Every structure is written in C-alpha cells, then in structure tokens.
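Next comes coords_3.cif, with mmCIF, C-alpha atoms and all ligand atoms.
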```cif
data_model
#
loop_
_atom_site.label_atom_id
_atom_site.label_comp_id
_atom_site.auth_asym_id
_atom_site.auth_seq_id
_atom_site.Cartn_x
_atom_site.Cartn_y
_atom_site.Cartn_z
CA SER A 28 142.49 137.00 111.39
CA LYS A 29 142.65 133.29 112.02
CA ALA A 30 139.46 131.58 110.94
CA VAL A 31 139.88 128.43 112.99
CA ALA A 32 138.75 128.48 116.58
CA THR A 33 139.33 125.57 118.92
CA ALA A 34 136.16 123.99 120.10
CA ASP A 35 134.96 125.57 123.30
CA GLN A 36 138.07 127.24 124.72
CA ALA A 37 136.38 127.64 128.09
CA SER A 38 136.18 123.95 128.77
CA ALA A 39 139.83 123.32 127.83
CA ALA A 40 140.83 122.67 131.43
CA VAL A 41 138.28 119.90 131.89
CA ARG A 42 138.71 118.20 128.54
CA THR A 43 139.24 114.49 128.80
CA PRO A 44 141.10 112.49 126.18
CA PRO A 45 138.86 110.45 123.88
CA ARG A 46 137.95 107.05 125.21
CA LEU A 47 136.64 104.12 123.23
CA SER A 48 133.18 102.86 124.12
CA SER A 49 131.44 99.74 122.76
CA PRO A 50 134.74 98.20 121.57
CA THR A 51 133.09 94.89 120.62
CA LYS A 52 130.39 96.46 118.42
CA VAL A 53 130.69 94.94 114.95
CA ILE A 54 131.25 97.61 112.29
CA PHE A 55 132.17 95.45 109.29
CA PRO A 56 129.98 92.36 109.63
CA ASP A 57 131.43 90.61 106.56
CA ILE A 58 134.90 90.39 108.13
CA GLY A 59 133.85 90.68 111.77
CA ALA A 60 135.81 93.91 112.30
CA THR A 61 134.76 95.75 115.45
CA LYS A 62 134.80 99.34 116.63
CA LYS A 63 138.01 98.45 118.48
CA ASP A 64 139.54 97.28 115.18
CA VAL A 65 138.59 100.62 113.58
CA TRP A 66 140.03 102.50 116.57
CA ASP A 67 143.26 100.45 116.42
CA TYR A 68 143.51 101.04 112.68
CA TYR A 69 143.27 104.82 113.03
CA SER A 70 145.69 104.81 115.99
CA ALA A 71 148.16 102.93 113.80
CA VAL A 72 147.92 105.24 110.77
CA VAL A 73 147.47 108.57 112.55
CA ASP A 74 150.91 109.93 111.55
CA HIS A 75 150.07 109.29 107.90
CA LEU A 76 146.45 110.42 107.99
CA LEU A 77 146.79 113.63 110.03
CA PRO A 78 148.88 115.56 107.46
CA GLU A 79 146.19 114.76 104.87
CA ILE A 80 143.31 116.22 106.88
CA ALA A 81 144.70 118.59 109.53
CA GLY A 82 143.43 122.15 109.27
CA ARG A 83 141.04 121.40 106.41
CA PRO A 84 137.26 121.54 106.62
CA LEU A 85 136.36 117.90 106.96
CA SER A 86 133.30 115.80 106.26
CA ILE A 87 132.89 112.38 107.80
CA ILE A 88 130.81 109.31 107.15
CA ARG A 89 129.44 107.93 110.41
CA CYS A 90 128.09 104.40 110.72
CA PRO A 91 126.74 104.10 114.27
CA SER A 92 125.33 100.61 113.64
CA GLY A 93 128.03 99.39 111.29
CA VAL A 94 128.52 99.78 107.55
CA GLU A 95 125.64 97.50 106.60
CA ARG A 96 123.14 99.74 108.40
CA PRO A 97 122.39 103.35 107.40
CA CYS A 98 125.45 105.61 107.50
CA PHE A 99 125.40 109.36 107.13
CA PHE A 100 127.59 112.01 105.61
CA GLN A 101 128.22 114.79 108.13
CA LYS A 102 129.67 118.18 107.22
CA HIS A 103 128.92 120.23 110.29
CA HIS A 104 130.25 120.43 113.81
CA THR A 105 127.77 119.05 116.33
CA ALA A 106 127.14 119.18 120.04
CA GLY A 107 129.15 116.71 122.09
CA LEU A 108 132.37 117.12 120.13
CA GLU A 109 134.87 118.64 122.59
CA LEU A 110 138.20 117.98 120.92
CA VAL A 111 137.31 118.65 117.30
CA ALA A 112 137.75 122.26 116.21
CA SER A 113 135.32 124.09 113.99
CA VAL A 114 135.49 126.79 111.38
CA ARG A 115 132.66 129.09 110.44
CA LEU A 116 132.29 129.24 106.67
CA LYS A 117 129.73 130.68 104.33
CA GLU A 118 127.82 128.04 102.39
CA ASP A 119 126.43 128.43 98.85
CA SER A 120 123.11 129.49 100.35
CA GLY A 121 124.91 132.47 101.90
CA VAL A 122 124.36 131.15 105.40
CA ASN A 123 127.27 130.54 107.77
CA ALA A 124 127.82 127.03 109.07
CA HIS A 125 130.32 125.43 111.41
CA TYR A 126 132.50 122.84 109.71
CA LEU A 127 134.56 120.14 111.41
CA VAL A 128 138.31 120.68 111.62
CA VAL A 129 140.70 118.07 113.02
CA GLU A 130 144.01 119.43 114.26
CA ASP A 131 145.44 116.54 116.23
CA GLU A 132 145.22 112.89 117.16
CA ALA A 133 142.81 113.52 120.04
CA ALA A 134 140.30 115.16 117.69
CA LEU A 135 140.65 112.35 115.15
CA MET A 136 140.05 109.71 117.81
CA GLU A 137 137.08 111.61 119.18
CA LEU A 138 135.47 111.32 115.75
CA VAL A 139 136.30 107.60 115.67
CA GLN A 140 134.61 107.27 119.05
CA PHE A 141 131.61 109.02 117.41
CA ASN A 142 131.55 106.20 114.83
CA ALA A 143 133.26 108.07 111.98
CA ILE A 144 134.49 105.48 109.48
CA GLU A 145 135.47 107.69 106.52
CA PHE A 146 137.21 111.08 106.37
CA HIS A 147 136.70 113.48 103.46
CA PRO A 148 138.66 116.77 103.48
CA TRP A 149 138.26 119.83 101.31
CA GLY A 150 141.01 120.62 98.81
CA SER A 151 141.74 123.79 100.77
CA HIS A 152 142.50 124.79 104.35
CA ALA A 153 140.08 126.31 106.86
CA ALA A 154 142.30 129.38 107.16
CA GLU A 155 142.11 129.94 103.38
CA PRO A 156 139.02 128.10 102.21
CA ASP A 157 138.91 129.79 98.79
CA ILE A 158 142.44 128.72 97.85
CA ALA A 159 142.85 125.19 96.47
CA ASP A 160 146.08 123.32 97.08
CA ARG A 161 144.96 119.92 95.78
CA VAL A 162 143.25 119.03 92.51
CA VAL A 163 141.70 115.56 92.41
CA PHE A 164 140.82 113.75 89.21
CA ASP A 165 138.54 111.00 90.41
CA LEU A 166 138.35 108.23 87.80
CA ASP A 167 134.96 106.57 88.01
CA PRO A 168 134.72 103.55 85.71
CA GLY A 169 131.36 102.45 84.33
CA PRO A 170 130.24 98.92 85.24
CA ASP A 171 131.72 97.37 82.06
CA VAL A 172 135.20 98.86 82.31
CA PRO A 173 138.00 96.35 83.03
CA PHE A 174 140.42 97.55 85.70
CA ALA A 175 143.28 97.53 83.18
CA GLU A 176 141.49 100.39 81.41
CA VAL A 177 141.31 102.40 84.63
CA ARG A 178 145.06 101.89 85.15
CA LYS A 179 145.72 103.02 81.59
CA ALA A 180 143.53 106.09 82.06
CA ALA A 181 145.50 107.13 85.15
CA VAL A 182 148.81 106.74 83.30
CA ASP A 183 147.52 108.78 80.35
CA ILE A 184 146.25 111.53 82.63
CA ARG A 185 149.61 111.64 84.39
CA LYS A 186 151.33 112.09 81.00
CA LEU A 187 148.97 114.88 79.94
CA LEU A 188 149.56 116.64 83.24
CA GLU A 189 153.32 116.30 82.72
CA GLN A 190 152.89 118.22 79.47
CA LEU A 191 151.53 121.06 81.59
CA GLU A 192 154.55 120.61 83.86
CA LEU A 193 152.30 119.31 86.61
CA GLU A 194 153.48 116.42 88.70
CA SER A 195 150.69 114.15 89.94
CA PHE A 196 150.22 111.47 92.58
CA LEU A 197 148.26 108.25 92.60
CA ARG A 198 145.79 106.84 95.09
CA VAL A 199 143.44 103.87 95.08
CA SER A 200 140.06 105.08 96.31
CA GLY A 201 139.35 101.90 98.25
CA GLY A 202 136.25 101.62 96.07
CA LYS A 203 136.15 101.10 92.32
CA GLY A 204 138.48 103.72 90.93
CA LEU A 205 141.73 105.61 91.10
CA HIS A 206 142.43 109.22 92.05
CA VAL A 207 145.11 111.32 90.36
CA VAL A 208 146.03 114.15 92.71
CA VAL A 209 147.81 117.35 91.67
CA PRO A 210 149.31 119.55 94.41
CA LEU A 211 149.22 123.30 93.83
CA ASN A 212 151.86 125.43 95.51
CA PRO A 213 151.23 128.30 95.60
CA GLY A 214 147.53 127.52 95.85
CA CYS A 215 145.00 128.77 93.37
CA HIS A 216 141.54 130.29 93.75
CA TRP A 217 138.75 127.73 93.35
CA ASP A 218 137.29 129.64 90.37
CA LEU A 219 140.37 128.99 88.26
CA THR A 220 141.06 125.56 89.76
CA LYS A 221 137.57 124.39 88.94
CA ARG A 222 137.83 125.77 85.41
CA PHE A 223 141.11 123.89 84.96
CA ALA A 224 139.71 120.58 86.24
CA HIS A 225 136.57 120.86 84.15
CA GLY A 226 138.48 121.95 81.04
CA PHE A 227 140.95 119.10 81.44
CA ALA A 228 138.17 116.50 81.78
CA ASP A 229 136.25 117.99 78.83
CA ALA A 230 139.32 117.95 76.58
CA LEU A 231 139.95 114.32 77.44
CA ALA A 232 136.35 113.31 76.72
CA ARG A 233 136.34 115.22 73.43
CA ALA A 234 139.64 113.68 72.28
CA GLN A 235 138.73 110.11 73.25
CA PRO A 236 134.94 109.83 73.60
CA ASP A 237 135.05 106.02 73.55
CA ARG A 238 137.17 105.94 76.72
CA PHE A 239 136.23 109.04 78.69
CA LEU A 240 133.17 110.96 79.77
CA ALA A 241 133.05 114.35 81.47
CA THR A 242 129.40 114.36 82.53
CA ALA A 243 128.14 112.79 85.73
CA THR A 244 125.17 110.95 84.15
CA LYS A 245 125.60 107.36 85.33
CA SER A 246 123.53 105.79 82.54
CA LEU A 247 126.00 107.12 79.94
CA ARG A 248 129.03 105.45 81.54
CA ASN A 249 128.83 101.75 80.60
CA LYS A 250 132.20 101.09 79.00
CA ARG A 251 133.60 104.52 79.73
CA ILE A 252 135.37 106.24 82.59
CA PHE A 253 133.82 109.35 84.08
CA VAL A 254 136.62 111.82 84.78
CA ASP A 255 134.98 113.24 87.89
CA TYR A 256 136.27 116.79 88.05
CA LEU A 257 133.51 117.73 90.52
CA ARG A 258 135.74 116.90 93.50
CA ASN A 259 137.25 120.32 92.77
CA GLY A 260 135.34 123.27 94.08
CA ARG A 261 134.78 125.19 97.28
CA GLY A 262 132.97 122.79 99.60
CA ALA A 263 133.65 119.68 97.49
CA THR A 264 135.45 116.78 99.12
CA ALA A 265 137.33 113.63 98.19
CA VAL A 266 138.19 110.77 100.49
CA ALA A 267 141.40 111.25 102.47
CA SER A 268 144.39 109.03 101.88
CA TYR A 269 144.49 106.37 104.64
CA SER A 270 140.76 106.67 105.33
CA LEU A 271 138.88 103.40 105.67
CA ARG A 272 135.89 102.95 103.39
CA GLY A 273 132.55 101.77 104.73
CA ARG A 274 132.39 99.03 102.12
CA PRO A 275 132.78 95.25 102.19
CA GLY A 276 136.17 94.11 103.45
CA ALA A 277 137.06 97.46 105.05
CA PRO A 278 139.24 98.75 102.20
CA VAL A 279 141.56 101.74 102.54
CA ALA A 280 142.10 104.76 100.27
CA LEU A 281 145.83 104.31 99.83
CA PRO A 282 148.56 106.37 98.13
CA LEU A 283 150.67 104.33 95.74
CA ALA A 284 153.84 105.00 93.79
CA TRP A 285 153.25 105.17 90.03
CA SER A 286 155.60 102.19 89.75
CA GLU A 287 153.15 100.09 91.79
CA LEU A 288 150.28 100.65 89.37
CA SER A 289 151.03 98.03 86.71
CA LYS A 290 150.56 95.10 89.07
CA LEU A 291 147.48 96.51 90.77
CA LYS A 292 144.40 94.31 90.32
CA ARG A 293 141.69 96.43 91.92
CA ALA A 294 141.09 99.67 93.82
CA ASP A 295 139.88 98.01 97.03
CA ALA A 296 142.81 95.62 97.39
CA PHE A 297 144.28 97.14 100.58
CA THR A 298 142.33 96.65 103.77
CA ILE A 299 142.19 97.46 107.47
CA HIS A 300 144.17 94.30 108.22
CA GLU A 301 147.23 94.81 106.07
CA VAL A 302 147.69 98.57 105.67
CA PRO A 303 149.35 99.32 109.05
CA ALA A 304 151.98 96.62 108.41
CA LEU A 305 152.37 97.72 104.79
CA LEU A 306 153.10 101.30 105.99
CA ARG A 307 155.73 100.04 108.42
CA ARG A 308 157.42 98.08 105.61
CA ARG A 309 157.53 101.01 103.18
CA ARG A 310 160.95 102.62 103.01
CA LYS A 311 159.74 105.75 101.23
CA HIS A 312 156.22 107.02 101.45
CA PRO A 313 154.99 107.49 97.84
CA TRP A 314 153.56 110.96 98.56
CA ALA A 315 156.54 112.10 100.66
CA ASP A 316 157.25 115.04 98.34
CA ILE A 317 153.69 116.13 97.61
CA ASP A 318 153.80 119.23 99.81
CA ARG A 319 157.34 120.17 98.74
CA ILE A 320 156.58 120.52 95.05
CA THR A 321 156.28 124.00 93.64
CA GLN A 322 153.87 124.13 90.70
CA ASP A 323 150.78 126.04 89.67
CA LEU A 324 148.29 126.31 86.83
CA SER A 325 150.11 129.06 84.90
CA ARG A 326 151.17 126.68 82.06
CA TRP A 327 147.57 125.78 81.51
CA SER A 328 146.22 129.33 81.72
CA ASP A 329 148.81 130.31 79.07
CA VAL A 330 147.45 127.80 76.55
CA GLU A 331 143.78 128.13 77.46
P1 LIG B 401 135.02 105.06 93.94
O1 LIG B 401 136.40 104.68 93.52
O2 LIG B 401 134.18 103.87 94.24
O3 LIG B 401 134.40 106.01 92.96
P2 LIG B 401 135.19 107.44 95.53
O4 LIG B 401 135.59 107.80 96.89
O5 LIG B 401 135.97 108.08 94.44
O6 LIG B 401 135.21 105.85 95.35
P3 LIG B 401 132.89 108.75 94.39
O7 LIG B 401 131.46 108.34 94.45
O8 LIG B 401 133.53 108.79 93.07
O9 LIG B 401 133.65 107.77 95.42
O10 LIG B 401 133.11 110.17 95.02
C1 LIG B 401 132.17 110.68 95.87
C2 LIG B 401 132.82 111.72 96.71
O11 LIG B 401 131.89 112.74 96.91
C3 LIG B 401 133.15 111.18 98.08
O12 LIG B 401 134.49 110.73 98.14
C4 LIG B 401 132.89 112.35 99.00
O13 LIG B 401 134.07 113.03 99.36
C5 LIG B 401 131.98 113.27 98.22
N1 LIG B 401 130.62 113.40 98.75
C6 LIG B 401 129.96 114.55 98.79
N2 LIG B 401 128.75 114.38 99.36
C7 LIG B 401 128.63 113.08 99.68
C8 LIG B 401 127.58 112.28 100.28
N3 LIG B 401 126.43 112.79 100.67
N4 LIG B 401 127.82 110.96 100.43
C9 LIG B 401 128.98 110.42 100.03
N5 LIG B 401 129.98 111.12 99.45
C10 LIG B 401 129.82 112.43 99.27
MN MN B 402 135.46 107.87 92.44
MN MN B 403 133.21 110.42 91.69
#
```
Just give me the structure of the file as structure tokens.
Ligand code: ATP
Ligand code: MN
Ligand code: MN
Amino acid sequence: SKAVATADQASAAVRTPPRLSSPTKVIFPDIGATKKDVWDYYSAVVDHLLPEIAGRPLSIIRCPSGVERPCFFQKHHTAGLELVASVRLKEDSGVNAHYLVVEDEAALMELVQFNAIEFHPWGSHAAEPDIADRVVFDLDPGPDVPFAEVRKAAVDIRKLLEQLELESFLRVSGGKGLHVVVPLNPGCHWDLTKRFAHGFADALARAQPDRFLATATKSLRNKRIFVDYLRNGRGATAVASYSLRGRPGAPVALPLAWSELSKLKRADAFTIHEVPALLRRRRKHPWADIDRITQDLSRWSDVE
C-alpha cells in the first residue's frame, strides 16, 4: 500500500497555484533580502532542490518575521497547506502524526509562501520510512577549530569510507561545518544504519581523540570536531542541499566536488545571491551520480 496521500484529494479541482504575498517583507535584515528574494531563489534552484527532498518526510524552519525574529522548526502537516502532501507515520511515542511531504514545485512554493526558509528531509522516503538511503556525517567543529582542520577531517573520513568501498559526497552546511554524505543503494534498515554511523564516529574518536569527538556534549568540543552521527536515525533530519539557512548573509547548503574543497575558506561562503548563477555555470553537478551508485554496508558488517 502506498503510504503517501496527496493533501485533500477532494479539493483538487479548486486548488490554486501558490501565490506570493508580502513580497517586500524583509527576511534577512543584514543583507536586506526580502520574501520575494527568497521566493526567487527557490524558483531558481527548484530543479536541483526537488530531487533532494521529494517524497521524503520533511521538516521546515519557518521565519514569519524574518530570521532575526523567532523561527520555528515544524515537522507536521498543518491546516492551510493545500498543495503539500502528508504521510502518516508512527512517532517514537507510538502515536501517529502527519508529516510534510513535498512532491512538486507547487508544494515547495506553497511552503515558501508560508515563510519556510530551511528544508530538512529524512534520510529515507515516506513510502519506506524505515529504510535509509542516505547516511550523513555532520562535522561540527568546536569554537577553536580552524576551518583547515574541518577540511582535513572531511578528507580523512572520505578515505576511511573508501576503505569500506563506500563512495561519499561533500556538502557545505551553510553554517559552520561540512557534511559527508554516503548514499545507500539498496537502502538499509535504520537499526543497522544507525549502528554503522555511531560505530564509525566512535572508532574515529577513539583513534584520534585530540581531533574527534563522538559525543554531543558541547562543552567538550573546544579544539575538536564532533562527528555528529545523530543525523542518522528514523525521524532524524539534516539540511537539504540547496536549502537556504536562516543565518546572517543567507548562506546555502551547497554540494561541492571533492576537488573544490582545498580552496574552500568557510562553510557559509555561498549565498542566496550567487548560488543560482553558480549552478548555471556548473558543467557537471557534483552530486550527479549520487543516486546511481550501488553500494551498501555489507563491507562494514563483515568487519564489525
Ligand atoms: P552547522 O554546520 O552550523 O553545524 P548544520 O545544519 O549541520 O549546520 P547542526 O546543528 O549540526 O546544523 O545540525 C542540526 C540538525 O538537526 C539540523 O540540520 C536539523 O535537520 C536537525 N534538527 C532537528 N531538530 C531541530 C530543531 N528543533 N531545530 C533545528 N534543527 C533541528
Ligand atoms: Mn553540523
Ligand atoms: Mn550537528
């Protein structure tokens, strides 16, 4: 049975396409970017963003009064959304809840109209929520870690993954760190996926305790990088590639080729203003092959 239901089938005939209201409302006060700028940004990147979020349970960060006023993280489908689909999923508490699912551009733009700034998908699809197809190692540097160390950490993690015959992909978070993303095809149950991610982070922290940490305690970070394996689990999310971030300068979570890493100065270097043009200039999209790769966790479960 298909788990995803379109939002309110009955009203399909009267659905209107999303329309932008309050276009001049300032969303990023530091750079003067308006709701129209956010709308235009998402319209420009929709062909890149949609494959990263379509069909997955999706959380959003909404900033109705701009990113310098309170924003909120929303997981559930709410009244008023006509174009966004929903999927009913059991939460940890055992209770069912309706999660947001975007299937097309109209749904994406409806969320933008509802002041969504950031998009955070699950690492699994609504139709198969227990099966992970993306592992995310989220590198969270402590306050005293130079960015060169974060770059080096990503390269080292890529090499260790290669030893497990796992190809990985790079993204700047648009915040402080880098994400190393491992596609799984066929997908893998979250139980095993989570065990892999945790085990990998633990092994790294044990081998090089001066560089890495595998516990979330912020006060322990300082000069170390937290290998945040907690993005991997049923219901966990990581920011989507091409999502804006509700942070100063309107940075973008952007996929990069590994060859682009050495000259990278910071993780929030790509912003709302330059990313659409940058995407048009790119001859090959750095993640073009991510969904064509066939690899799973069997190498790791052999050695574990
Ligand atoms: P940075 O590079 O600055 O670390 P990041 O996106 O990796 O940026 P993290 O704080 O490391 O940020 O990761 C937090 C992740 O946790 C978010 O990307 C989001 O998907 C998820 N998350 C879960 N619940 C929340 C919440 N209530 N508010 C914000 N994020 C949440
Ligand atoms: Mn992070
Ligand atoms: Mn994190």
Rank nothing, just name the residue among A:Pro168, A:Lys63, A:Thr43, A:Pro84 nearest to Ser246 (chain A), using only C-alpha atoms.
A:Pro168
Tell me, counting only C-alpha atoms, for each residue of region 52-127 of chain A within 12 Å of region 157-165 of chain A, which pair of atoms is nearest and how far apart they are in Å to one decimal, in rows ordered by chain and increasing number, as JSON lines.
```
{"residue": "A:Glu79", "atom": "CA", "partner": "A:Arg161", "partner_atom": "CA", "distance": 10.5}
{"residue": "A:Ile80", "atom": "CA", "partner": "A:Arg161", "partner_atom": "CA", "distance": 11.8}
{"residue": "A:Arg83", "atom": "CA", "partner": "A:Asp160", "partner_atom": "CA", "distance": 10.8}
{"residue": "A:Pro84", "atom": "CA", "partner": "A:Asp157", "partner_atom": "CA", "distance": 11.5}
{"residue": "A:Leu116", "atom": "CA", "partner": "A:Asp157", "partner_atom": "CA", "distance": 10.3}
{"residue": "A:Lys117", "atom": "CA", "partner": "A:Asp157", "partner_atom": "CA", "distance": 10.8}
{"residue": "A:Glu118", "atom": "CA", "partner": "A:Asp157", "partner_atom": "CA", "distance": 11.8}
```
Nearby polymer residues, ligand MN 403 (chain B), at most 7 Å, only C-alpha atoms and all ligand atoms, as a PyMOL selection string:
chain A and resi 165-167+255
In terms of the shortest atom-to-atom distance over only C-alpha atoms, which of A:Val65, A:Arg233, A:Arg258, A:Ala265 is closest to Pro278 (chain A)?
A:Val65
For chain A versus ligand LIG 401 (chain B), which residues have an atom no more than 8 Å away, and what is each residue's nearest atom pair and distance in Å rounded to one decimal, using all atoms listed in the file, chain-then-number order, as CSV?
```
residue,atom,partner,partner_atom,distance
A:Ser86,CA,B:LIG401,O13,7.5
A:Ile88,CA,B:LIG401,C9,7.4
A:Phe99,CA,B:LIG401,N4,7.3
A:Phe100,CA,B:LIG401,N3,5.1
A:Gln101,CA,B:LIG401,N3,7.9
A:Phe146,CA,B:LIG401,O13,7.9
A:His147,CA,B:LIG401,O13,4.9
A:Pro148,CA,B:LIG401,O13,7.2
A:Asp165,CA,B:LIG401,O5,5.6
A:Leu166,CA,B:LIG401,O3,6.9
A:Asp167,CA,B:LIG401,O3,5.0
A:Pro168,CA,B:LIG401,O3,7.7
A:Val199,CA,B:LIG401,O1,7.3
A:Ser200,CA,B:LIG401,O1,4.6
A:Gly201,CA,B:LIG401,O1,6.2
A:Gly202,CA,B:LIG401,O2,3.6
A:Lys203,CA,B:LIG401,O1,3.8
A:Gly204,CA,B:LIG401,O1,3.5
A:Leu205,CA,B:LIG401,O1,5.9
A:His206,CA,B:LIG401,O5,7.0
A:Asp255,CA,B:LIG401,O8,7.0
A:Arg258,CA,B:LIG401,O11,6.6
A:Ala263,CA,B:LIG401,C6,6.5
A:Thr264,CA,B:LIG401,O13,4.0
A:Ala265,CA,B:LIG401,O13,3.5
A:Val266,CA,B:LIG401,O12,4.4
A:Ala280,CA,B:LIG401,O4,7.9
A:Ala294,CA,B:LIG401,O1,6.9
```
Close residues, Ala81 (chain A) itself excluded, 12 Å, only C-alpha atoms, min 2 positions apart in chain, as a PyMOL selection string:
chain A and resi 31+73-79+83-85+111-113+127-135+146-154+267
Counting all atoms listed in the file, the option among A:Phe253, A:Pro44, A:Cys98, A:Ile54 closest to ligand MN 402 (chain B):
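For ligand MN 402 (chain B), the nearest of the given residues is A:Phe253.
For the pair CA of Val172 (chain A) and CA of Ala241 (chain A), the interatomic distance is 15.7 Å.
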Please compute the CA of Asp316 (chain A)-CA of Val72 (chain A) distance, one decimal, in Å.
18.4 Å
When you count all atoms listed in the file, which of these residues is closest to Lys179 (chain A): A:Arg89, A:His300, A:Arg307, A:Arg238?
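For Lys179 (chain A), the nearest of the given residues is A:Arg238.
The nearest approach to ligand MN 402 (chain B) among the residues A:Leu283, A:Val177, A:Val139, A:Leu219, with all atoms listed in the file taken into account, belongs to A:Val177.
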To one decimal in Å, tell me the separation between CA of Pro91 (chain A) and CA of Phe141 (chain A).
7.6 Å
Restricting the calculation to only C-alpha atoms and all ligand atoms: of A:Pro50, A:Gly214, A:Gly93, A:Gly169, which residue gets closest to ligand MN 402 (chain B)?
A:Gly169
Tell me, as a ChimeraX atom specification, which residues lie within 9 Å of Arg46 (chain A), counting all atoms listed in the file; anything in the same chain fewer than 4 positions away does not count.
/A:136-137,140
